[in-house]
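A.B. asks: I am sharing query25.cif, which consists of mmCIF, C-alpha atoms:
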```cif
data_my_file
#
loop_
_atom_site.label_atom_id
_atom_site.label_comp_id
_atom_site.auth_asym_id
_atom_site.auth_seq_id
_atom_site.Cartn_x
_atom_site.Cartn_y
_atom_site.Cartn_z
CA MET Z 1 -45.55 3.21 2.95
CA PHE Z 2 -43.19 6.18 2.96
CA ARG Z 3 -45.37 8.02 5.49
CA ARG Z 4 -45.25 5.02 7.81
CA ILE Z 5 -41.47 4.67 7.45
CA ILE Z 6 -40.96 8.40 8.13
CA ALA Z 7 -43.19 8.13 11.19
CA LEU Z 8 -41.13 5.20 12.47
CA VAL Z 9 -37.88 7.10 11.84
CA LYS Z 10 -39.22 10.09 13.81
CA LYS Z 11 -40.26 7.74 16.59
CA GLU Z 12 -36.77 6.20 16.76
CA PHE Z 13 -35.12 9.62 16.85
CA LEU Z 14 -37.43 10.78 19.64
CA ILE Z 15 -36.90 7.62 21.70
CA ILE Z 16 -33.11 7.95 21.42
CA TRP Z 17 -33.07 11.69 22.07
CA ARG Z 18 -35.57 11.76 24.96
CA ASP Z 19 -33.66 9.09 26.86
CA PRO Z 20 -30.82 10.88 28.77
CA LYS Z 21 -28.75 7.69 28.86
CA SER Z 22 -29.03 7.28 25.09
CA ARG Z 23 -28.03 10.89 24.48
CA ILE Z 24 -24.92 10.49 26.62
CA LEU Z 25 -24.14 7.10 25.09
CA ILE Z 26 -24.14 8.25 21.48
CA ILE Z 27 -22.51 11.68 21.81
CA ILE Z 28 -19.99 11.89 24.64
CA PRO Z 29 -18.16 8.50 24.57
CA PRO Z 30 -17.24 8.54 20.83
CA ILE Z 31 -15.82 12.06 21.02
CA MET Z 32 -13.94 11.29 24.25
CA GLN Z 33 -12.56 8.07 22.77
CA LEU Z 34 -11.41 9.89 19.65
CA PHE Z 35 -9.33 12.35 21.69
CA ILE Z 36 -8.11 9.87 24.33
CA PHE Z 37 -7.14 7.12 21.89
CA ALA Z 38 -5.58 9.56 19.42
CA TYR Z 39 -3.12 10.74 22.07
CA ALA Z 40 -2.77 7.58 24.16
CA MET Z 41 -3.13 4.64 21.77
CA THR Z 42 0.21 4.51 20.00
CA MET Z 43 2.78 1.88 19.22
CA GLU Z 44 5.55 4.42 19.22
CA VAL Z 45 8.19 3.90 21.89
CA ARG Z 46 9.50 7.05 23.57
CA ASN Z 47 11.15 7.96 26.88
CA ILE Z 48 13.35 4.87 26.85
CA ASP Z 49 15.61 4.43 29.89
CA VAL Z 50 19.16 3.27 29.10
CA ALA Z 51 21.95 1.67 31.11
CA ILE Z 52 25.46 2.32 29.77
CA LEU Z 53 28.63 0.38 30.54
CA ASP Z 54 31.49 2.33 28.96
CA ASN Z 55 34.57 0.15 29.33
CA SER Z 56 36.51 2.37 26.95
CA ASN Z 57 35.77 5.79 28.50
CA THR Z 58 37.42 7.65 25.62
CA LEU Z 59 36.51 10.50 23.32
CA GLU Z 60 35.17 8.09 20.71
CA SER Z 61 32.94 6.23 23.17
CA ARG Z 62 31.61 9.49 24.60
CA GLU Z 63 30.78 10.68 21.08
CA LEU Z 64 28.74 7.54 20.54
CA ILE Z 65 26.96 7.97 23.89
CA PHE Z 66 26.20 11.60 23.00
CA GLY Z 67 24.29 10.29 19.97
CA PHE Z 68 21.94 8.51 22.38
CA GLU Z 69 21.72 11.46 24.77
CA SER Z 70 20.75 13.88 21.99
CA SER Z 71 18.07 11.56 20.62
CA LYS Z 72 14.42 12.34 21.35
CA TRP Z 73 13.64 8.66 21.96
CA PHE Z 74 15.79 8.19 25.07
CA ARG Z 75 15.09 9.74 28.46
CA LYS Z 76 17.17 8.62 31.45
CA PHE Z 77 20.75 7.27 31.35
CA ILE Z 78 22.19 5.13 34.12
CA TYR Z 79 25.95 4.67 34.02
CA VAL Z 80 27.17 1.41 35.56
CA ASN Z 81 30.64 0.13 36.41
CA ASN Z 82 30.41 -3.58 35.62
CA GLU Z 83 28.29 -6.25 33.95
CA ASN Z 84 26.58 -7.27 37.20
CA GLU Z 85 25.17 -3.77 37.65
CA LEU Z 86 24.14 -3.78 33.99
CA ARG Z 87 22.31 -7.10 34.43
CA LYS Z 88 20.61 -5.88 37.59
CA CYS Z 89 19.27 -2.78 35.84
CA ILE Z 90 17.56 -4.92 33.23
CA GLU Z 91 16.35 -7.58 35.67
CA THR Z 92 14.68 -4.99 37.89
CA GLN Z 93 13.27 -3.20 34.80
CA LYS Z 94 14.97 0.07 35.67
CA VAL Z 95 15.92 0.34 32.00
CA ASN Z 96 14.52 -0.91 28.71
CA ILE Z 97 17.85 -1.20 26.94
CA ALA Z 98 21.53 -1.43 27.82
CA ILE Z 99 24.65 -0.44 25.85
CA GLU Z 100 28.03 -2.05 26.52
CA ILE Z 101 31.11 -0.56 24.88
CA SER Z 102 34.26 -2.71 24.80
CA ASN Z 103 37.55 -1.47 26.30
CA ASP Z 104 39.32 -1.61 22.91
CA PHE Z 105 36.62 0.47 21.22
CA SER Z 106 38.80 3.56 20.69
CA SER Z 107 42.03 1.76 19.82
CA LYS Z 108 40.39 -0.34 17.09
CA ILE Z 109 38.72 2.74 15.59
CA LYS Z 110 42.08 4.53 15.41
CA LYS Z 111 43.65 1.49 13.75
CA GLY Z 112 40.83 1.32 11.24
CA GLU Z 113 39.74 -2.08 12.50
CA THR Z 114 36.18 -3.30 13.07
CA THR Z 115 34.96 -2.83 16.61
CA SER Z 116 31.69 -3.83 18.26
CA VAL Z 117 29.06 -2.41 20.57
CA GLN Z 118 26.68 -4.72 22.43
CA VAL Z 119 23.02 -3.68 22.61
CA ILE Z 120 20.95 -5.57 25.18
CA THR Z 121 17.14 -5.25 25.21
CA ASP Z 122 14.51 -6.53 27.64
CA GLY Z 123 12.79 -9.32 25.70
CA ARG Z 124 9.92 -9.47 28.18
CA GLN Z 125 8.51 -6.43 26.36
CA THR Z 126 8.81 -7.61 22.78
CA ASN Z 127 7.47 -4.52 21.01
CA THR Z 128 9.55 -2.12 23.09
CA ALA Z 129 12.64 -4.31 22.70
CA ALA Z 130 12.35 -4.48 18.93
CA ILE Z 131 11.76 -0.75 18.45
CA ALA Z 132 14.34 0.38 21.02
CA GLY Z 133 16.90 -1.95 19.44
CA ALA Z 134 16.15 -0.46 16.03
CA TYR Z 135 16.68 3.06 17.42
CA ALA Z 136 20.02 2.01 18.95
CA ASN Z 137 21.16 0.38 15.71
CA GLU Z 138 20.29 3.52 13.77
CA ILE Z 139 22.38 5.72 16.12
CA ILE Z 140 25.32 3.31 15.99
CA ASN Z 141 25.13 3.10 12.19
CA ASN Z 142 25.04 6.90 11.95
CA TYR Z 143 28.17 7.12 14.10
CA SER Z 144 29.84 4.45 11.97
CA ASP Z 145 28.98 6.40 8.81
CA LYS Z 146 30.44 9.53 10.39
CA LEU Z 147 33.73 7.72 11.03
CA SER Z 148 33.93 6.51 7.45
CA LYS Z 149 32.67 9.70 5.76
CA ASN Z 150 35.96 10.22 3.97
CA LYS Z 151 35.68 6.82 2.30
CA SER Z 152 33.73 6.34 -0.88
CA ALA Z 153 30.37 4.71 -0.25
CA LEU Z 154 29.60 1.53 -2.15
CA ILE Z 155 25.81 1.91 -1.79
CA ASP Z 156 23.80 5.12 -1.64
CA PHE Z 157 21.02 3.96 0.67
CA GLN Z 158 17.97 6.23 0.99
CA THR Z 159 14.57 5.64 2.57
CA ARG Z 160 11.41 7.51 1.63
CA SER Z 161 7.98 7.07 3.18
CA TRP Z 162 4.97 7.62 0.96
CA TYR Z 163 1.51 8.87 2.05
CA ASN Z 164 2.72 9.59 5.61
CA GLU Z 165 6.06 11.24 4.95
CA ASN Z 166 6.90 12.10 8.56
CA LEU Z 167 5.68 8.72 9.86
CA GLU Z 168 3.18 10.42 12.16
CA TYR Z 169 1.65 7.50 14.03
CA MET Z 170 -1.29 9.65 15.16
CA TYR Z 171 -2.44 9.98 11.54
CA TYR Z 172 -2.67 6.21 11.19
CA THR Z 173 -4.45 5.97 14.54
CA LEU Z 174 -6.99 8.68 13.68
CA ALA Z 175 -7.91 7.21 10.29
CA SER Z 176 -8.49 3.84 11.94
CA LEU Z 177 -10.30 5.29 14.97
CA VAL Z 178 -12.92 7.04 12.84
CA VAL Z 179 -13.71 3.66 11.25
CA LEU Z 180 -13.76 1.77 14.56
CA LEU Z 181 -15.89 4.32 16.41
CA ALA Z 182 -18.36 4.44 13.52
CA MET Z 183 -18.82 0.70 13.97
CA VAL Z 184 -19.22 1.05 17.75
CA ILE Z 185 -21.87 3.78 17.47
CA THR Z 186 -23.84 1.92 14.79
CA LEU Z 187 -23.75 -1.39 16.65
CA LEU Z 188 -24.85 0.13 19.96
CA LEU Z 189 -27.77 2.03 18.46
CA THR Z 190 -29.10 -0.74 16.21
CA SER Z 191 -28.51 -3.68 18.54
CA MET Z 192 -30.66 -2.07 21.25
CA SER Z 193 -33.53 -0.90 19.02
CA ILE Z 194 -35.72 -4.04 18.85
CA ALA Z 195 -34.55 -5.26 22.27
CA ARG Z 196 -35.62 -1.91 23.74
CA GLU Z 197 -39.12 -2.38 22.29
CA ARG Z 198 -39.38 -5.75 24.01
CA GLU Z 199 -38.07 -4.42 27.30
CA LEU Z 200 -40.43 -1.43 27.30
CA GLY Z 201 -43.39 -3.61 26.32
CA THR Z 202 -44.06 -1.78 23.04
CA PHE Z 203 -43.07 -4.66 20.79
CA GLU Z 204 -46.70 -5.87 20.70
CA GLN Z 205 -47.77 -2.46 19.42
CA LEU Z 206 -45.45 -2.89 16.44
CA ILE Z 207 -46.98 -6.30 15.74
CA VAL Z 208 -50.55 -4.96 15.57
CA SER Z 209 -49.57 -1.79 13.68
CA PRO Z 210 -50.29 -1.53 9.92
CA CYS Z 211 -46.53 -1.44 9.24
CA THR Z 212 -44.99 -4.39 7.42
CA PRO Z 213 -41.77 -6.03 8.72
CA PHE Z 214 -39.88 -4.26 5.92
CA GLU Z 215 -41.21 -0.87 6.97
CA ILE Z 216 -40.44 -1.50 10.65
CA LEU Z 217 -36.85 -2.52 9.85
CA ALA Z 218 -36.47 0.43 7.46
CA GLY Z 219 -37.52 2.82 10.23
CA LYS Z 220 -35.16 1.19 12.69
CA THR Z 221 -32.33 1.26 10.13
CA LEU Z 222 -32.51 4.85 8.93
CA ALA Z 223 -32.53 6.55 12.34
CA PRO Z 224 -29.37 4.89 13.75
CA MET Z 225 -27.69 5.23 10.37
CA GLY Z 226 -28.36 8.96 10.30
CA ILE Z 227 -26.96 9.47 13.81
CA ALA Z 228 -23.89 7.28 13.17
CA LEU Z 229 -23.23 9.02 9.84
CA CYS Z 230 -23.40 12.50 11.38
CA LEU Z 231 -21.04 11.51 14.22
CA SER Z 232 -18.64 9.86 11.77
CA MET Z 233 -18.44 12.96 9.60
CA PHE Z 234 -18.00 15.11 12.71
CA MET Z 235 -15.06 12.93 13.80
CA VAL Z 236 -13.54 13.29 10.33
CA LEU Z 237 -13.76 17.08 10.66
CA VAL Z 238 -12.17 16.91 14.13
CA ALA Z 239 -9.30 14.85 12.71
CA ILE Z 240 -8.77 17.36 9.89
CA LEU Z 241 -9.29 20.64 11.75
CA HIS Z 242 -8.06 19.86 15.27
CA PHE Z 243 -5.37 17.25 14.67
CA LYS Z 244 -4.32 18.83 11.33
CA MET Z 245 -4.50 15.47 9.59
CA PRO Z 246 -4.19 15.71 5.80
CA PHE Z 247 -7.21 14.57 3.78
CA ARG Z 248 -6.09 13.87 0.23
CA GLY Z 249 -9.12 12.14 -1.26
CA SER Z 250 -12.69 12.99 -2.21
CA PHE Z 251 -14.93 13.88 0.71
CA VAL Z 252 -18.02 12.89 -1.31
CA LEU Z 253 -16.53 9.47 -2.05
CA TYR Z 254 -15.65 9.02 1.61
CA PHE Z 255 -19.18 9.99 2.62
CA LEU Z 256 -20.81 7.53 0.19
CA SER Z 257 -18.43 4.75 1.27
CA THR Z 258 -19.31 5.45 4.91
CA VAL Z 259 -23.03 5.15 4.09
CA VAL Z 260 -22.51 1.68 2.59
CA ALA Z 261 -20.21 0.58 5.44
CA ILE Z 262 -22.62 1.77 8.13
CA LEU Z 263 -25.47 0.03 6.30
CA SER Z 264 -23.59 -3.29 6.45
CA ILE Z 265 -22.85 -2.82 10.18
CA THR Z 266 -26.49 -1.83 10.78
CA GLY Z 267 -27.56 -5.21 9.43
CA VAL Z 268 -25.35 -6.94 11.99
CA GLY Z 269 -26.75 -4.78 14.79
CA LEU Z 270 -30.36 -5.43 13.81
CA PHE Z 271 -29.72 -9.17 13.60
CA VAL Z 272 -28.24 -9.10 17.11
CA SER Z 273 -31.18 -7.01 18.33
CA ALA Z 274 -33.72 -9.42 16.85
CA LEU Z 275 -32.04 -12.29 18.70
CA SER Z 276 -31.93 -10.45 22.03
CA LYS Z 277 -34.75 -10.19 24.54
CA THR Z 278 -33.20 -7.44 26.69
CA GLN Z 279 -30.92 -4.49 26.05
CA GLN Z 280 -28.25 -6.09 28.22
CA GLN Z 281 -28.21 -9.14 25.94
CA ALA Z 282 -28.05 -6.84 22.93
CA ILE Z 283 -25.02 -4.96 24.31
CA LEU Z 284 -23.25 -8.26 25.05
CA GLY Z 285 -24.06 -9.52 21.55
CA ALA Z 286 -22.72 -6.32 19.98
CA PHE Z 287 -19.54 -6.61 22.06
CA THR Z 288 -19.16 -10.24 20.96
CA PHE Z 289 -19.07 -9.09 17.33
CA GLN Z 290 -17.16 -5.87 17.91
CA THR Z 291 -13.97 -7.30 19.43
CA PRO Z 292 -13.16 -9.95 16.78
CA ALA Z 293 -14.23 -7.55 14.02
CA SER Z 294 -11.69 -4.99 15.27
CA LEU Z 295 -8.93 -7.60 15.52
CA LEU Z 296 -9.65 -9.01 12.04
CA SER Z 297 -9.88 -5.57 10.40
CA GLY Z 298 -6.11 -5.18 10.06
CA PHE Z 299 -5.89 -2.37 12.62
CA ILE Z 300 -3.83 -4.26 15.19
CA SER Z 301 -1.79 -6.45 12.83
CA PRO Z 302 -1.64 -6.77 9.03
CA ILE Z 303 -4.05 -9.32 7.58
CA GLU Z 304 -1.18 -10.83 5.60
CA ASP Z 305 0.52 -11.83 8.88
CA MET Z 306 -2.52 -13.77 10.13
CA PRO Z 307 -2.93 -17.56 9.72
CA LYS Z 308 -4.65 -18.56 6.48
CA PHE Z 309 -7.90 -19.49 8.22
CA PHE Z 310 -8.25 -16.05 9.78
CA GLN Z 311 -7.29 -14.36 6.51
CA TYR Z 312 -10.29 -16.02 4.86
CA LEU Z 313 -12.43 -15.16 7.89
CA THR Z 314 -11.70 -11.44 7.41
CA TYR Z 315 -13.79 -11.48 4.22
CA LEU Z 316 -16.85 -11.72 6.47
CA ASP Z 317 -15.79 -8.62 8.40
CA PRO Z 318 -17.21 -5.34 7.02
CA LEU Z 319 -14.61 -3.43 9.01
CA ARG Z 320 -11.80 -4.94 6.91
CA PHE Z 321 -13.05 -3.29 3.71
CA TYR Z 322 -14.13 -0.04 5.38
CA MET Z 323 -10.65 0.25 6.96
CA VAL Z 324 -9.01 -0.05 3.53
CA ILE Z 325 -11.33 2.58 2.05
CA GLY Z 326 -10.99 4.98 4.99
CA LYS Z 327 -7.19 4.97 5.11
CA GLY Z 328 -6.93 4.88 1.32
CA ILE Z 329 -9.05 8.00 0.78
CA PHE Z 330 -7.48 9.80 3.74
CA PHE Z 331 -3.83 9.16 2.86
CA LYS Z 332 -3.47 8.60 -0.87
CA ASN Z 333 -6.60 9.77 -2.71
CA MET Z 334 -7.68 6.21 -3.54
CA PRO Z 335 -9.11 6.09 -7.09
CA LEU Z 336 -12.75 5.25 -7.70
CA ASN Z 337 -12.14 1.76 -9.13
CA ASP Z 338 -10.21 0.69 -6.01
CA VAL Z 339 -12.97 2.07 -3.77
CA VAL Z 340 -15.62 0.18 -5.75
CA ILE Z 341 -13.64 -3.08 -5.41
CA ASN Z 342 -13.92 -2.74 -1.62
CA LEU Z 343 -17.52 -1.48 -1.72
CA ILE Z 344 -18.79 -4.61 -3.51
CA PRO Z 345 -18.12 -6.92 -0.52
CA LEU Z 346 -19.65 -4.31 1.81
CA CYS Z 347 -22.82 -4.25 -0.32
CA PHE Z 348 -22.95 -8.05 -0.25
CA ILE Z 349 -22.52 -8.11 3.55
CA ALA Z 350 -25.25 -5.45 3.90
CA ILE Z 351 -27.68 -7.49 1.77
CA VAL Z 352 -27.00 -10.70 3.71
CA THR Z 353 -27.15 -9.16 7.21
CA LEU Z 354 -30.19 -6.97 6.56
CA GLY Z 355 -31.94 -9.86 4.81
CA SER Z 356 -31.19 -12.17 7.75
CA ALA Z 357 -32.42 -9.56 10.24
CA MET Z 358 -35.63 -9.09 8.26
CA TRP Z 359 -36.21 -12.87 8.03
CA LEU Z 360 -35.68 -13.29 11.77
CA PHE Z 361 -37.86 -10.31 12.61
CA ASP Z 362 -40.64 -11.50 10.28
CA LYS Z 363 -40.47 -14.95 11.86
CA GLN Z 364 -40.86 -13.45 15.33
CA LEU Z 365 -43.83 -11.37 14.23
CA ASP Z 366 -45.53 -14.51 12.93
#
```
Just give me the structure of the file as structure tokens.
C.D. replies:
Amino acid sequence: MFRRIIALVKKEFLIIWRDPKSRILIIIPPIMQLFIFAYAMTMEVRNIDVAILDNSNTLESRELIFGFESSKWFRKFIYVNNENELRKCIETQKVNIAIEISNDFSSKIKKGETTSVQVITDGRQTNTAAIAGAYANEIINNYSDKLSKNKSALIDFQTRSWYNENLEYMYYTLASLVVLLAMVITLLLTSMSIARERELGTFEQLIVSPCTPFEILAGKTLAPMGIALCLSMFMVLVAILHFKMPFRGSFVLYFLSTVVAILSITGVGLFVSALSKTQQQAILGAFTFQTPASLLSGFISPIEDMPKFFQYLTYLDPLRFYMVIGKGIFFKNMPLNDVVINLIPLCFIAIVTLGSAMWLFDKQLD
């Protein structure tokens, strides 16, 4: 049995490697996506254009404006003379945010009275508006604290970020990308394996071969798993060595968790492949699973923010648990018991998906 399985694994490796399209598909796109997405896919908001209406035009108002000009988040500043020009800048999307300073800004500050600054954001871009508004509020609060530095503070407010102290968004993106790309590679390779046999006309040879359905599926499982595992570990090394991302956990534990996660995704790919008659159908089937799995994994939005129905639906998504393990080991050296808690559902998903793929494949052979 083991000789037959090894022969099938060799056959799968040779088929994948001898096909130029397969070689390009499994090596170049994942590495390109890792670099492109790491630099381009970010929810940070930088280079914000600002319109300023300074009705006060005093030393105090210029000090406040200087706080915006010296910030790394803001790029271009357009000074306007009235509210109509301010409105036009936002309507035509020349700016993302506008600051209006009242004409009694300086006089009220000198009297020790409360003054106000109006911050206007473009609500058509909700994410940019929320983040740019938060930046503006932080600068205004810092200026307010500077004015009242001689007064005793009632609250000593401090913020500390754990596990990603400098709030480097690229670190979060990279940890998630390694997980997502591992899923993409595994799905593509496994979903096309049986469909490729049908398309090339070699499926009948498998039927008449002495191999059992278990041995055939084992051979078609181990080869894609090995390739996906090697590429996943390579991407981890790129994240650590090239992007200087800290890795605080156990590399062995991460490797073993990746094996279980890829095994569960392999079951999904083989099930899709058994259902498909052509490689095109297999790719479409893999894409049908891939998109909702990515959305339900917690990468785009926290699972806790989803409707209850979708929160329960995420328990069927292997990516949800692999995402928790990946980021946990990367960022905070997740302890073994927490890793095992997330590995148990992955093992269950692997058993169900591989069992379903084997049942369907056995049925087709009959």
A.B. asks: Going by the chain IDs and residue numbers used in this file, which residues fall under the PyMOL selection byres ((chain Z and resi 124) around 12)? Write them as JSON, numbers by chain.
C.D. replies: {"Z": [90, 91, 92, 93, 96, 97, 121, 122, 123, 125, 126, 127, 128, 129, 130]}
A.B. asks: Quick one: distance from CA of Ser193 in chain Z to CA of Ala282 in chain Z in Å, one decimal?
C.D. replies: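 Here the two named atoms are 9.0 Å from each other.
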A.B. asks: Pick out the closest residue to Phe234 in chain Z from this set: Z:Gly112, Z:Pro30, Z:Pro302, Z:Pro335. Count all atoms listed in the file.
C.D. replies: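 The answer is Z:Pro30, which sits nearest to Phe234 in chain Z.
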A.B. asks: Using Å and a single decimal, report how far CA of Phe13 in chain Z sits from CA of Phe287 in chain Z.
C.D. replies: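 Atom-to-atom, CA of Phe287 in chain Z and CA of Phe13 in chain Z are spaced 23.1 Å apart.
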A.B. asks: Starting from the PyMOL selection byres ((chain Z and resi 69) around 12), expand the selection into actual residues of this file and give them as a ChimeraX atom specification.
C.D. replies: /Z:47-52,62-68,70-78,136,139
A.B. asks: Taking only C-alpha atoms into account, which of Z:Pro318, Z:Glu83, Z:Pro307, Z:Lys277 comes nearest Pro292 in chain Z?
C.D. replies: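 Closest to Pro292 in chain Z of all the choices is Z:Pro318.
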A.B. asks: So the first atom is CA of Ile262 in chain Z and the second is CA of Ser191 in chain Z; what is the distance between them in Å, to one decimal place?
C.D. replies: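 Computing it gives 13.1 Å between the two atoms.
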A.B. asks: Name the residues, using the chain letters and numbers of the file, that sit within 10 Å of (-25.8, -6.9, 22.0) when counting only C-alpha atoms, and give them as a PyMOL selection string.
C.D. replies: chain Z and resi 187-192+195+269-290
A.B. asks: Quick one: of Z:Tyr135, Z:Leu174, Z:Glu113, Z:Asn81, who's nearest to Ile36 in chain Z, counting all atoms listed in the file?
C.D. replies: Z:Leu174
A.B. asks: Which is closer to Cys347 in chain Z than all the others in Z:Ser232, Z:Thr173, Z:Asn137, Z:Thr258, using all atoms listed in the file?
C.D. replies: Z:Thr258
A.B. asks: I'd like the residues picked by the PyMOL selection byres ((chain Z and resi 220) around 12) written out as a ChimeraX atom specification, using the chain letters and numbers from the file.
C.D. replies: /Z:4-13,15-16,186,189-197,206,213-219,221-227,263,266-267,269-271,273-274,354,357-358,361
A.B. asks: Using only C-alpha atoms, which protein or nucleic acid residues come within 10 Å of Ser250 in chain Z? Drop anything in the same chain fewer than 3 positions from it, and give the result as a PyMOL selection string.
C.D. replies: chain Z and resi 247+253-255+329-330+333-336
A.B. asks: Could you pull the residues within 9 Å of Ser294 in chain Z, counting all atoms listed in the file, minus those fewer than 3 positions along the same chain, as a list in words?
C.D. replies: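 Near neighbours after the sequence-gap exclusion: Leu180, Phe289, Gln290, Thr291, Ser297, Gly298, Phe299, Ile300, Asp317, Leu319 and Arg320 of chain Z.
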A.B. asks: Quick one: of Z:Val238, Z:Ile131, Z:Thr114, Z:Phe2, who's nearest to Ser148 in chain Z, counting all atoms listed in the file?
C.D. replies: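 For Ser148 in chain Z, the nearest of the given residues is Z:Thr114.
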A.B. asks: Of the residues Z:Ala134, Z:Cys230, Z:Leu295, Z:Ile140, which is the one nearest to Val178 in chain Z, using all atoms listed in the file?
C.D. replies: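 Smallest distance to Val178 in chain Z is found for Z:Cys230.
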A.B. asks: Tell me, as a PyMOL selection string, which residues lie within 7 Å of Val179 in chain Z, counting all atoms listed in the file; anything in the same chain fewer than 4 positions away does not count.
C.D. replies: chain Z and resi 175+183+322-323+326
